[in-house]
>>> print(open('start_3.cif').read())   # mmCIF, C-alpha atoms
data_final
#
loop_
_atom_site.label_atom_id
_atom_site.label_comp_id
_atom_site.auth_asym_id
_atom_site.auth_seq_id
_atom_site.Cartn_x
_atom_site.Cartn_y
_atom_site.Cartn_z
CA MET A 38 139.97 202.55 271.56
CA ASP A 39 136.94 200.59 272.66
CA ASN A 40 136.15 197.95 270.03
CA VAL A 41 133.38 196.26 271.98
CA ILE A 42 130.11 196.31 270.02
CA GLN A 43 127.34 197.54 272.23
CA PRO A 44 123.98 195.80 271.82
CA LEU A 45 121.31 198.13 270.42
CA GLU A 46 118.70 199.22 272.88
CA ASN A 47 115.18 198.03 272.21
CA PRO A 48 113.19 201.27 271.76
CA PHE A 49 109.92 199.43 272.37
CA ALA A 50 110.86 197.57 275.56
CA ALA A 51 108.67 199.61 277.94
CA GLN A 52 105.59 199.42 275.68
CA GLN A 53 106.10 195.71 274.96
CA GLN A 54 106.27 194.99 278.70
CA MET A 55 103.04 196.91 279.26
CA LEU A 56 101.30 195.05 276.43
CA LYS A 57 102.52 191.64 277.57
CA GLU A 58 101.23 192.24 281.07
CA ARG A 59 97.79 193.16 279.75
CA LEU A 60 97.79 190.20 277.35
CA ASN A 61 98.74 187.80 280.13
CA PHE A 62 95.92 189.15 282.27
CA LEU A 63 93.39 188.68 279.45
CA LEU A 64 94.71 185.20 278.72
CA THR A 65 93.70 184.05 282.20
CA ALA A 66 90.15 183.75 280.81
CA VAL A 67 91.28 181.13 278.27
CA HIS A 68 90.47 177.53 279.23
CA PRO A 69 93.55 175.51 280.33
CA ALA A 70 92.85 172.97 277.55
CA MET A 71 93.72 175.49 274.88
CA TYR A 72 95.87 177.97 276.78
CA ALA A 73 99.15 176.56 275.40
CA ASP A 74 97.94 176.76 271.78
CA VAL A 75 96.78 180.37 272.20
CA VAL A 76 100.10 181.36 273.79
CA ARG A 77 101.90 179.56 270.95
CA ALA A 78 99.98 181.73 268.48
CA PHE A 79 101.29 184.91 270.12
CA GLN A 80 104.85 183.51 269.91
CA GLU A 81 104.87 183.63 266.11
CA GLU A 82 107.32 186.08 264.53
CA GLY A 83 106.20 189.67 264.92
CA LYS A 84 103.50 188.81 267.44
CA LEU A 85 103.56 190.02 271.01
CA LEU A 86 105.20 187.02 272.74
CA TYR A 87 107.76 186.46 269.99
CA GLN A 88 111.33 185.95 271.24
CA SER A 89 114.01 187.14 268.82
CA PRO A 90 116.75 184.58 268.18
CA PRO A 91 119.98 185.39 270.03
CA GLY A 92 122.10 187.88 268.14
CA VAL A 93 119.19 189.53 266.33
CA ILE A 94 119.14 192.90 268.01
CA SER A 95 118.28 195.61 265.54
CA PRO A 96 114.74 197.00 265.75
CA ARG A 97 115.34 198.59 262.34
CA THR A 98 115.85 195.32 260.50
CA THR A 99 113.81 192.93 262.63
CA ARG A 100 110.08 193.09 262.96
CA PRO A 101 109.48 193.98 266.62
CA ALA A 102 107.35 191.74 268.79
CA GLY A 103 103.78 193.02 268.91
CA THR A 104 104.04 195.25 265.84
CA TRP A 105 100.29 195.88 265.48
CA SER A 106 99.62 196.57 269.15
CA LEU A 107 102.71 198.77 269.37
CA LEU A 108 101.33 200.92 266.56
CA THR A 109 98.01 201.40 268.40
CA LEU A 110 99.72 202.11 271.71
CA LEU A 111 102.29 204.53 270.27
CA VAL A 112 99.59 206.47 268.39
CA ALA A 113 97.53 206.69 271.61
CA GLN A 114 100.58 207.87 273.57
CA HIS A 115 101.39 210.43 270.89
CA ILE A 116 97.94 211.98 271.15
CA SER A 117 97.62 211.65 274.91
CA PRO A 118 101.06 211.20 276.54
CA ASP A 119 99.50 210.70 279.99
CA ILE A 120 96.96 208.10 278.87
CA ASP A 121 96.22 205.34 281.41
CA PRO A 122 98.59 202.52 280.33
CA ILE A 123 96.17 199.73 281.26
CA TYR A 124 93.37 201.35 279.26
CA ALA A 125 95.55 201.99 276.19
CA SER A 126 97.16 198.54 276.45
CA SER A 127 93.74 196.87 276.52
CA VAL A 128 92.78 198.56 273.24
CA ALA A 129 96.18 197.71 271.75
CA VAL A 130 95.88 194.05 272.80
CA ALA A 131 92.46 193.97 271.13
CA VAL A 132 94.20 195.05 267.91
CA GLU A 133 96.98 192.48 268.42
CA SER A 134 94.48 189.62 268.88
CA PHE A 135 92.34 190.72 265.95
CA CYS A 136 95.26 191.13 263.53
CA ALA A 137 96.85 187.84 264.66
CA ALA A 138 93.55 186.07 263.97
CA LEU A 139 93.37 187.54 260.46
CA ASP A 140 96.97 186.59 259.82
CA PHE A 141 96.31 182.94 260.72
CA LEU A 142 93.09 182.88 258.68
CA ASP A 143 95.08 184.19 255.73
CA ASP A 144 97.60 181.35 256.16
CA VAL A 145 94.79 178.77 256.29
CA GLU A 146 93.07 180.23 253.21
CA ASP A 147 96.34 180.30 251.28
CA GLU A 148 97.28 176.81 252.53
CA ASP A 149 100.63 178.13 253.72
CA GLN A 150 102.52 175.43 255.60
CA THR A 151 103.85 177.77 258.27
CA ALA A 152 105.55 176.47 261.41
CA ILE A 153 102.45 176.92 263.57
CA MET A 154 100.22 175.29 260.95
CA GLN A 155 102.48 172.26 260.89
CA GLU A 156 102.63 172.17 264.67
CA LEU A 157 98.93 172.62 265.50
CA GLY A 158 97.23 171.55 262.29
CA THR A 159 94.43 173.43 260.55
CA ALA A 160 91.61 172.46 262.93
CA ARG A 161 93.38 173.58 266.12
CA LEU A 162 94.69 176.72 264.46
CA LEU A 163 91.17 177.67 263.35
CA ASN A 164 89.92 177.13 266.89
CA VAL A 165 92.70 179.34 268.23
CA THR A 166 91.69 181.95 265.67
CA THR A 167 88.14 181.94 267.05
CA VAL A 168 89.54 182.57 270.53
CA LEU A 169 91.68 185.45 269.22
CA LEU A 170 88.70 187.11 267.51
CA THR A 171 86.66 186.73 270.69
CA GLN A 172 89.52 187.99 272.81
CA ALA A 173 89.76 191.14 270.70
CA GLN A 174 86.20 191.98 271.74
CA GLN A 175 86.79 190.84 275.31
CA ALA A 176 89.78 193.17 275.57
CA LEU A 177 87.56 196.12 274.64
CA LEU A 178 84.73 194.97 276.91
CA SER A 179 87.25 194.74 279.78
CA LEU A 180 87.44 198.53 279.65
CA SER A 181 84.16 198.63 281.59
CA GLU A 182 86.11 197.32 284.61
CA LEU A 183 88.36 200.37 284.32
CA GLY A 184 85.39 202.73 284.51
CA VAL A 185 85.45 203.73 280.84
CA ASP A 186 82.19 205.28 279.58
CA PRO A 187 80.07 202.48 277.97
CA ALA A 188 79.32 204.78 275.02
CA HIS A 189 83.03 205.07 274.34
CA ILE A 190 83.47 201.28 274.57
CA LEU A 191 80.64 200.85 272.06
CA ARG A 192 82.35 203.31 269.73
CA LEU A 193 85.57 201.30 269.86
CA LEU A 194 83.69 198.03 269.30
CA LYS A 195 81.86 199.59 266.35
CA THR A 196 85.19 200.56 264.76
CA LEU A 197 86.50 197.02 265.25
CA GLN A 198 83.35 195.42 263.80
CA GLU A 199 83.20 197.72 260.78
CA SER A 200 86.83 197.07 260.13
CA ALA A 201 86.37 193.29 260.44
CA LEU A 202 83.63 193.37 257.80
CA GLY A 203 85.71 195.53 255.46
CA ILE A 204 88.89 193.48 255.81
CA THR A 205 87.05 190.17 255.38
CA SER A 206 85.39 191.48 252.22
CA GLY A 207 88.81 192.58 250.98
CA GLN A 208 90.21 189.13 251.66
CA HIS A 209 87.28 187.58 249.80
CA ARG A 210 87.93 189.81 246.78
CA ASP A 211 91.53 188.67 246.85
CA LEU A 212 90.45 185.01 246.90
CA LEU A 213 87.99 185.53 244.04
CA ALA A 214 90.71 187.32 242.07
CA GLU A 215 92.74 184.10 242.08
CA GLN A 216 90.22 182.65 239.62
CA GLN A 217 90.42 185.60 237.23
CA SER A 218 92.96 186.22 234.50
CA VAL A 219 95.88 188.35 235.57
CA LEU A 220 95.37 190.36 232.38
CA ASP A 221 92.00 191.62 233.66
CA PHE A 222 93.69 193.60 236.44
CA THR A 223 94.96 197.16 236.41
CA LEU A 224 97.44 199.07 238.55
CA GLU A 225 94.54 200.82 240.30
CA GLU A 226 92.80 197.53 241.16
CA CYS A 227 96.02 196.08 242.59
CA ILE A 228 96.46 199.10 244.82
CA ASP A 229 92.80 198.84 245.80
CA ILE A 230 93.36 195.23 246.89
CA ALA A 231 96.41 196.33 248.91
CA ALA A 232 94.26 199.03 250.51
CA VAL A 233 91.51 196.67 251.66
CA LYS A 234 94.02 194.13 252.97
CA ALA A 235 97.14 195.41 254.79
CA GLY A 236 95.97 199.00 254.34
CA ALA A 237 92.75 198.40 256.26
CA ILE A 238 94.57 196.51 259.03
CA LEU A 239 97.02 199.32 259.78
CA GLN A 240 94.19 201.81 259.33
CA LEU A 241 92.33 200.05 262.14
CA ALA A 242 95.44 199.95 264.37
CA CYS A 243 95.95 203.70 263.98
CA ARG A 244 92.28 204.68 264.21
CA LEU A 245 91.72 202.73 267.42
CA GLY A 246 94.87 204.27 268.91
CA ALA A 247 93.57 207.74 268.13
CA GLN A 248 90.02 206.96 269.28
CA CYS A 249 91.10 205.53 272.62
CA ALA A 250 93.24 208.63 273.23
CA GLY A 251 90.13 210.80 272.84
CA ALA A 252 91.02 212.38 269.48
CA ASP A 253 88.21 214.13 267.63
CA GLU A 254 86.80 212.67 264.41
CA ALA A 255 89.07 214.78 262.20
CA LEU A 256 92.25 213.65 263.94
CA CYS A 257 91.04 210.02 264.02
CA GLY A 258 90.51 210.28 260.27
CA GLN A 259 94.01 211.66 259.75
CA PHE A 260 95.57 208.82 261.72
CA ALA A 261 93.40 206.30 259.89
CA GLU A 262 94.68 207.68 256.59
CA PHE A 263 98.26 207.50 257.90
CA GLY A 264 97.71 203.80 258.70
CA LEU A 265 96.12 203.18 255.31
CA LEU A 266 99.09 204.69 253.43
CA LEU A 267 101.53 202.77 255.58
CA GLY A 268 99.60 199.53 255.03
CA ILE A 269 99.47 199.93 251.25
CA ALA A 270 103.24 200.55 251.23
CA ALA A 271 103.75 197.47 253.43
CA GLN A 272 101.65 195.29 251.10
CA LEU A 273 103.51 196.47 247.99
CA ASP A 274 106.84 195.92 249.75
CA ASN A 275 105.74 192.41 250.62
CA ASP A 276 104.47 191.71 247.07
CA TYR A 277 107.70 192.90 245.50
CA HIS A 278 109.83 190.83 247.89
CA ASP A 279 107.70 187.72 247.30
CA LEU A 280 108.41 187.85 243.56
CA TYR A 281 112.05 188.71 244.19
CA HIS A 282 112.55 185.62 246.34
CA LEU A 283 110.71 183.42 243.85
CA LEU A 284 113.03 184.59 241.08
CA GLN A 285 116.02 183.95 243.30
CA ASP A 286 114.86 180.38 243.75
CA VAL A 287 114.19 179.84 240.06
CA ILE A 288 117.14 181.74 238.60
CA PRO A 289 119.62 182.48 241.41
CA SER A 290 122.43 183.35 238.99
CA ILE A 291 120.45 186.25 237.58
CA LEU A 292 119.48 187.93 240.84
CA PRO A 293 122.56 187.89 243.06
CA GLY A 294 121.99 187.75 246.78
CA ASP A 295 121.05 185.29 249.47
CA ALA A 296 119.81 182.46 247.27
CA GLY A 297 117.16 180.26 248.73
CA ALA A 298 115.83 182.98 251.00
CA THR A 299 112.22 181.99 250.33
CA PRO A 300 110.79 179.94 253.14
CA GLY A 301 110.33 176.66 251.27
CA SER A 302 107.12 175.82 253.08
CA GLU A 303 105.25 178.86 251.80
CA LYS A 304 103.76 179.20 248.34
CA SER A 305 104.55 182.27 246.32
CA ASP A 306 101.87 184.72 245.19
CA LEU A 307 102.56 183.74 241.58
CA ILE A 308 101.84 180.06 242.17
CA ARG A 309 98.70 180.87 244.18
CA GLY A 310 97.40 183.08 241.39
CA LYS A 311 97.43 186.25 243.53
CA LYS A 312 97.01 189.44 241.55
CA THR A 313 99.79 191.44 243.11
CA LEU A 314 101.06 194.56 241.41
CA PRO A 315 104.48 193.29 240.21
CA ILE A 316 102.88 190.15 238.75
CA VAL A 317 100.10 192.11 237.02
CA LEU A 318 102.56 194.62 235.53
CA ALA A 319 104.99 191.91 234.38
CA ALA A 320 102.20 189.78 232.90
CA ALA A 321 100.75 192.72 230.98
CA GLU A 322 104.16 193.49 229.51
CA ILE A 323 104.85 189.87 228.55
CA ALA A 324 101.41 189.56 226.98
CA LYS A 325 102.09 192.72 224.99
CA THR A 326 105.55 191.73 223.74
CA ARG A 327 105.11 187.99 223.30
CA GLY A 328 101.40 187.91 222.60
CA MET A 329 100.90 185.03 224.99
CA THR A 330 98.45 184.61 227.80
CA ALA A 331 99.84 185.60 231.15
CA MET A 332 98.39 182.42 232.60
CA SER A 333 101.59 180.73 231.46
CA LEU A 334 103.88 183.14 233.31
CA ASP A 335 104.40 180.68 236.15
CA ASP A 336 105.04 177.82 233.70
CA ALA A 337 107.55 179.91 231.78
CA LEU A 338 109.44 180.74 234.96
CA GLN A 339 109.65 177.12 235.98
CA LYS A 340 111.04 176.26 232.54
CA ILE A 341 113.19 179.35 232.19
CA SER A 342 116.38 177.35 231.61
CA GLU A 343 114.77 175.79 228.52
CA LEU A 344 113.93 179.16 226.95
CA SER A 345 116.10 180.78 224.33
CA ASP A 346 118.32 183.64 225.51
CA GLU A 347 116.07 186.14 223.78
CA GLU A 348 112.91 184.79 225.39
CA ARG A 349 114.51 184.54 228.82
CA ASN A 350 115.76 188.12 228.61
CA GLU A 351 112.32 189.35 227.68
CA TYR A 352 110.75 187.60 230.66
CA LEU A 353 113.39 188.92 232.99
CA ARG A 354 113.08 192.44 231.69
CA ALA A 355 109.31 192.40 232.23
CA LEU A 356 109.64 190.93 235.73
CA LYS A 357 112.32 193.42 236.71
CA GLU A 358 110.18 196.23 235.35
CA GLY A 359 107.20 195.04 237.40
CA MET A 360 109.29 194.80 240.54
CA LEU A 361 110.95 198.20 240.10
CA ALA A 362 107.67 199.95 239.34
CA THR A 363 106.13 198.32 242.43
CA TRP A 364 109.06 199.35 244.58
CA GLY A 365 108.76 202.92 243.29
CA ILE A 366 105.02 203.02 244.04
CA CYS A 367 105.71 201.51 247.49
CA LEU A 368 108.15 204.39 248.13
CA LEU A 369 105.49 206.83 246.96
CA TYR A 370 102.99 205.59 249.57
CA LEU A 371 105.71 205.64 252.20
CA GLU A 372 106.45 209.28 251.35
CA ARG A 373 102.75 210.12 251.55
CA ALA A 374 102.69 208.52 255.02
CA ARG A 375 105.76 210.58 255.92
CA ASP A 376 103.89 213.74 254.89
CA ARG A 377 101.09 212.84 257.33
CA LEU A 378 103.62 212.19 260.08
CA GLN A 379 105.09 215.64 259.48
CA GLU A 380 101.63 217.13 259.87
CA PHE A 381 101.31 215.35 263.24
CA GLU A 382 104.80 216.56 264.14
CA SER A 383 103.75 220.16 263.51
CA LEU A 384 101.25 219.80 266.37
CA ARG A 385 103.36 217.71 268.77
CA PRO A 386 106.76 215.95 268.57
CA VAL A 387 106.49 212.38 267.29
CA SER A 388 108.29 209.85 269.49
CA PRO A 389 111.41 208.12 268.12
CA ALA A 390 109.69 204.79 268.86
CA LEU A 391 106.77 205.60 266.52
CA ARG A 392 109.21 206.72 263.83
CA ILE A 393 111.31 203.57 264.12
CA LEU A 394 108.26 201.30 264.16
CA THR A 395 106.86 202.82 260.98
CA GLY A 396 110.25 203.03 259.25
CA LEU A 397 109.81 206.79 258.88
CA GLU A 398 112.91 207.94 260.75
CA MET B 285 98.34 210.18 238.97
CA GLU B 286 101.79 209.80 240.51
CA GLU B 287 101.55 205.99 240.58
CA GLN B 288 101.01 205.93 236.82
CA GLN B 289 103.87 208.38 236.27
CA ILE B 290 106.29 206.08 238.09
CA GLN B 291 105.06 203.00 236.24
CA ASN B 292 105.26 204.73 232.84
CA PHE B 293 108.75 206.04 233.48
CA VAL B 294 110.05 202.63 234.59
CA HIS B 295 108.46 201.09 231.49
CA ARG B 296 109.97 203.65 229.12
CA VAL B 297 113.47 203.30 230.59
CA SER B 298 113.11 199.53 230.44
CA THR B 299 112.08 199.48 226.77
CA ASN B 300 113.78 202.53 225.26
CA GLU B 301 117.51 202.05 224.82
CA GLU B 302 118.10 205.73 224.07
CA LEU B 303 116.39 206.88 227.26
CA HIS B 304 118.18 204.17 229.22
CA GLU B 305 121.56 205.44 228.03
CA GLU B 306 120.61 209.05 228.65
CA LEU B 307 119.56 208.18 232.20
CA THR B 308 122.91 206.46 232.73
CA ARG B 309 124.82 209.53 231.50
CA ASP B 310 122.81 212.31 233.07
CA PRO B 311 120.05 211.20 235.44
CA ASP B 312 119.47 214.68 236.87
CA ASP B 313 118.80 216.15 233.44
CA VAL B 314 116.37 213.38 232.49
CA ILE B 315 114.47 213.66 235.79
CA LEU B 316 114.25 217.44 235.45
CA ARG B 317 113.01 217.20 231.87
CA GLU B 318 110.24 214.77 232.85
CA GLY B 319 108.67 217.50 235.00
CA PHE B 320 108.01 215.23 237.97
CA SER B 321 106.74 216.59 241.26
CA PRO B 322 109.52 216.84 243.89
CA LYS B 323 108.21 213.68 245.57
CA VAL B 324 108.16 211.60 242.37
CA ALA B 325 111.55 213.01 241.32
CA GLN B 326 113.05 211.91 244.63
CA ILE B 327 111.63 208.39 244.21
CA VAL B 328 112.77 208.08 240.60
CA ALA B 329 116.27 209.19 241.70
CA ARG B 330 116.31 206.26 244.14
CA LEU B 331 115.39 203.88 241.32
CA VAL B 332 118.06 205.17 238.93
CA PRO B 333 120.91 202.84 240.01
CA HIS B 334 118.63 199.86 239.39
CA LEU B 335 117.01 201.26 236.25
CA ALA B 336 120.01 202.69 234.48
CA LEU B 337 123.06 201.03 235.97
CA ASP B 338 121.44 197.61 236.36
CA GLU B 339 122.43 197.34 240.01
CA PRO B 340 120.85 194.22 241.51
CA ILE B 341 117.41 194.78 242.94
CA SER B 342 117.44 195.08 246.71
CA SER B 343 117.37 191.84 248.65
CA GLU B 344 116.78 193.57 251.98
CA SER B 345 114.23 192.07 254.30
CA PRO B 346 110.73 193.46 253.91
CA TRP B 347 110.49 196.65 255.89
CA TRP B 348 107.01 196.06 257.27
CA HIS B 349 104.71 193.12 256.87
#
>>> encode(input="start_3.cif", output="structure tokens")
Amino acid sequence: MDNVIQPLENPFAAQQQMLKERLNFLLTAVHPAMYADVVRAFQEEGKLLYQSPPGVISPRTTRPAGTWSLLTLLVAQHISPDIDPIYASSVAVAVESFCAALDFLDDVEDEDQTAIMQELGTARLLNVTTVLLTQAQQALLSLSELGVDPAHILRLLKTLQESALGITSGQHRDLLAEQQSVLDFTLEECIDIAAVKAGAILQLACRLGAQCAGADEALCGQFAEFGLLLGIAAQLDNDYHDLYHLLQDVIPSILPGDAGATPGSEKSDLIRGKKTLPIVLAAAEIAKTRGMTAMSLDDALQKISELSDEERNEYLRALKEGMLATWGICLLYLERARDRLQEFESLRPVSPALRILTGLE
Amino acid sequence: MEEQQIQNFVHRVSTNEELHEELTRDPDDVILREGFSPKVAQIVARLVPHLALDEPISSESPWWH
């Protein structure tokens, strides 16, 4: 019997190679003085030049390198299997650059001490971000060298610009929400925030993939909706895990698992005052049962060992309730995205790579 | 609204000892009685081990971020 464990094949290898080649070509326009910093940005986890640590081989549990651009490229290839790879890769690299820029801006705004922030510092990282935003447009403008109709290039640029305005407004709403009481927020508003943040980003990735493949408006809209649903689910998944890891840090004995899994350099949503769904639901419940302001939720968690058993159990019940409800709603959006994927499947088989990437196998 | 249905059900199980016990004994019956859509019923069924049996909440890595 053969007991040798075979390494899992990377289902995205061909597309990642294509995307890296196009990215490297576009990076030749970057001035040598900042080339290394820009390349470093694309080496962050999940970004196109990211190298998985040795031994991490599963595409199902590890975020693949170039996640955003892969989504655009795989959607384009689904709609038009014979699409010119350089053309589709250029559009996908535009998405990669744009989303990477937003990701770094988010880190700066949230004052997250990520590895790249510590390495480059805020000023250099912001400058890199400007290059990434410019490169997103340059990648689309480079389509003129491939003989793409200027009207089509303008259409793609218009989608990118409209999306940039929408996502930035969404981010601003999220920042303003930090100053408001958590008790002022509802389930619907939390989902709305998720929609204008991660939802809008994946919406853009899918819409541009469909547009570049020549899909009509109706099909572009369907793919945009697929991305939106997927993005909302992703945001809720992230929000729920953020609170989970915070609780593990504060009360590891109560939530068994890999204690200390929170990257210590990053602040949690609770401490930042983010109005994520699990926090809003837990705060509303605590306010109802204990009659206290939810502003003190963070304080109570930090002092949880000093609380009486009864008080501690009430906090934990409310937090668990918030997390479970959020997880359930995350699954709901994932199932809605799956429904859309089945509609696409009824017209043409969906590639295993697109299924694996979206987690909808 | 399906979102609200899920939130309400989680809340009721979390605060109502009788419903919690009933869900532990016979989850299928409780889910059927609630009249959920097939999609919501399927999701609630996935939550049952954590809601009723108090299995630890998943510590799996985020699926997409």
>>> closest_residue(input="start_3.cif", among="A:Ala138, A:Leu361, A:Leu378, A:Ala160", to="B:Asn292", atoms="only C-alpha atoms")
A:Leu361
>>> interface_residues(input="start_3.cif", of="chain A", to="chain B", cutoff="9 Å", atoms="all atoms listed in the file", output="PyMOL selection string")
chain A and resi 83+97-100+224-225+235+267-268+270-272+274-275+277-278+281-282+291-295+318+322+354-355+357-366+368-369+372-373+394-396
>>> write_last_selection(input="start_3.cif", atoms="C-alpha atoms", output="mmCIF file, keeping the file's coordinate frame")
data_model
loop_
_atom_site.group_PDB
_atom_site.id
_atom_site.type_symbol
_atom_site.label_atom_id
_atom_site.label_comp_id
_atom_site.auth_asym_id
_atom_site.auth_seq_id
_atom_site.Cartn_x
_atom_site.Cartn_y
_atom_site.Cartn_z
ATOM 1 C CA GLY A 83 106.200 189.670 264.920
ATOM 2 C CA ARG A 97 115.340 198.590 262.340
ATOM 3 C CA THR A 98 115.850 195.320 260.500
ATOM 4 C CA THR A 99 113.810 192.930 262.630
ATOM 5 C CA ARG A 100 110.080 193.090 262.960
ATOM 6 C CA LEU A 224 97.440 199.070 238.550
ATOM 7 C CA GLU A 225 94.540 200.820 240.300
ATOM 8 C CA ALA A 235 97.140 195.410 254.790
ATOM 9 C CA LEU A 267 101.530 202.770 255.580
ATOM 10 C CA GLY A 268 99.600 199.530 255.030
ATOM 11 C CA ALA A 270 103.240 200.550 251.230
ATOM 12 C CA ALA A 271 103.750 197.470 253.430
ATOM 13 C CA GLN A 272 101.650 195.290 251.100
ATOM 14 C CA ASP A 274 106.840 195.920 249.750
ATOM 15 C CA ASN A 275 105.740 192.410 250.620
ATOM 16 C CA TYR A 277 107.700 192.900 245.500
ATOM 17 C CA HIS A 278 109.830 190.830 247.890
ATOM 18 C CA TYR A 281 112.050 188.710 244.190
ATOM 19 C CA HIS A 282 112.550 185.620 246.340
ATOM 20 C CA ILE A 291 120.450 186.250 237.580
ATOM 21 C CA LEU A 292 119.480 187.930 240.840
ATOM 22 C CA PRO A 293 122.560 187.890 243.060
ATOM 23 C CA GLY A 294 121.990 187.750 246.780
ATOM 24 C CA ASP A 295 121.050 185.290 249.470
ATOM 25 C CA LEU A 318 102.560 194.620 235.530
ATOM 26 C CA GLU A 322 104.160 193.490 229.510
ATOM 27 C CA ARG A 354 113.080 192.440 231.690
ATOM 28 C CA ALA A 355 109.310 192.400 232.230
ATOM 29 C CA LYS A 357 112.320 193.420 236.710
ATOM 30 C CA GLU A 358 110.180 196.230 235.350
ATOM 31 C CA GLY A 359 107.200 195.040 237.400
ATOM 32 C CA MET A 360 109.290 194.800 240.540
ATOM 33 C CA LEU A 361 110.950 198.200 240.100
ATOM 34 C CA ALA A 362 107.670 199.950 239.340
ATOM 35 C CA THR A 363 106.130 198.320 242.430
ATOM 36 C CA TRP A 364 109.060 199.350 244.580
ATOM 37 C CA GLY A 365 108.760 202.920 243.290
ATOM 38 C CA ILE A 366 105.020 203.020 244.040
ATOM 39 C CA LEU A 368 108.150 204.390 248.130
ATOM 40 C CA LEU A 369 105.490 206.830 246.960
ATOM 41 C CA GLU A 372 106.450 209.280 251.350
ATOM 42 C CA ARG A 373 102.750 210.120 251.550
ATOM 43 C CA LEU A 394 108.260 201.300 264.160
ATOM 44 C CA THR A 395 106.860 202.820 260.980
ATOM 45 C CA GLY A 396 110.250 203.030 259.250
#
>>> atom_distance(input="start_3.cif", atom1="atom CA of A:Leu307", atom2="atom CA of B:Val332")
26.6 Å
>>> resolve_selection(input="start_3.cif", expression="the PyMOL selection byres ((chain A and resi 248-258) around 12)", output="ChimeraX atom specification")
/A:109-129,131-132,177,180,185-186,189-197,240-247,259-265,377,380-381,384
>>> write_last_selection(input="start_3.cif", atoms="C-alpha atoms", output="mmCIF file, in the frame of the given file")
data_model
loop_
_atom_site.group_PDB
_atom_site.id
_atom_site.type_symbol
_atom_site.label_atom_id
_atom_site.label_comp_id
_atom_site.auth_asym_id
_atom_site.auth_seq_id
_atom_site.Cartn_x
_atom_site.Cartn_y
_atom_site.Cartn_z
ATOM 1 C CA THR A 109 98.010 201.400 268.400
ATOM 2 C CA LEU A 110 99.720 202.110 271.710
ATOM 3 C CA LEU A 111 102.290 204.530 270.270
ATOM 4 C CA VAL A 112 99.590 206.470 268.390
ATOM 5 C CA ALA A 113 97.530 206.690 271.610
ATOM 6 C CA GLN A 114 100.580 207.870 273.570
ATOM 7 C CA HIS A 115 101.390 210.430 270.890
ATOM 8 C CA ILE A 116 97.940 211.980 271.150
ATOM 9 C CA SER A 117 97.620 211.650 274.910
ATOM 10 C CA PRO A 118 101.060 211.200 276.540
ATOM 11 C CA ASP A 119 99.500 210.700 279.990
ATOM 12 C CA ILE A 120 96.960 208.100 278.870
ATOM 13 C CA ASP A 121 96.220 205.340 281.410
ATOM 14 C CA PRO A 122 98.590 202.520 280.330
ATOM 15 C CA ILE A 123 96.170 199.730 281.260
ATOM 16 C CA TYR A 124 93.370 201.350 279.260
ATOM 17 C CA ALA A 125 95.550 201.990 276.190
ATOM 18 C CA SER A 126 97.160 198.540 276.450
ATOM 19 C CA SER A 127 93.740 196.870 276.520
ATOM 20 C CA VAL A 128 92.780 198.560 273.240
ATOM 21 C CA ALA A 129 96.180 197.710 271.750
ATOM 22 C CA ALA A 131 92.460 193.970 271.130
ATOM 23 C CA VAL A 132 94.200 195.050 267.910
ATOM 24 C CA LEU A 177 87.560 196.120 274.640
ATOM 25 C CA LEU A 180 87.440 198.530 279.650
ATOM 26 C CA VAL A 185 85.450 203.730 280.840
ATOM 27 C CA ASP A 186 82.190 205.280 279.580
ATOM 28 C CA HIS A 189 83.030 205.070 274.340
ATOM 29 C CA ILE A 190 83.470 201.280 274.570
ATOM 30 C CA LEU A 191 80.640 200.850 272.060
ATOM 31 C CA ARG A 192 82.350 203.310 269.730
ATOM 32 C CA LEU A 193 85.570 201.300 269.860
ATOM 33 C CA LEU A 194 83.690 198.030 269.300
ATOM 34 C CA LYS A 195 81.860 199.590 266.350
ATOM 35 C CA THR A 196 85.190 200.560 264.760
ATOM 36 C CA LEU A 197 86.500 197.020 265.250
ATOM 37 C CA GLN A 240 94.190 201.810 259.330
ATOM 38 C CA LEU A 241 92.330 200.050 262.140
ATOM 39 C CA ALA A 242 95.440 199.950 264.370
ATOM 40 C CA CYS A 243 95.950 203.700 263.980
ATOM 41 C CA ARG A 244 92.280 204.680 264.210
ATOM 42 C CA LEU A 245 91.720 202.730 267.420
ATOM 43 C CA GLY A 246 94.870 204.270 268.910
ATOM 44 C CA ALA A 247 93.570 207.740 268.130
ATOM 45 C CA GLN A 259 94.010 211.660 259.750
ATOM 46 C CA PHE A 260 95.570 208.820 261.720
ATOM 47 C CA ALA A 261 93.400 206.300 259.890
ATOM 48 C CA GLU A 262 94.680 207.680 256.590
ATOM 49 C CA PHE A 263 98.260 207.500 257.900
ATOM 50 C CA GLY A 264 97.710 203.800 258.700
ATOM 51 C CA LEU A 265 96.120 203.180 255.310
ATOM 52 C CA ARG A 377 101.090 212.840 257.330
ATOM 53 C CA GLU A 380 101.630 217.130 259.870
ATOM 54 C CA PHE A 381 101.310 215.350 263.240
ATOM 55 C CA LEU A 384 101.250 219.800 266.370
#
>>> residues_around(input="start_3.cif", residues="B:Glu302", least_positions_apart="6", cutoff="12 Å", atoms="all atoms listed in the file", output="PyMOL selection string")
chain B and resi 296+308-309+314+336
>>> write_last_selection(input="start_3.cif", atoms="C-alpha atoms", output="compact mmCIF listing (two decimals), keeping the file's coordinate frame")
# COMPACT_ATOMS: atom_id res chain seq x y z
CA ARG B 296 109.97 203.65 229.12
CA THR B 308 122.91 206.46 232.73
CA ARG B 309 124.82 209.53 231.50
CA VAL B 314 116.37 213.38 232.49
CA ALA B 336 120.01 202.69 234.48
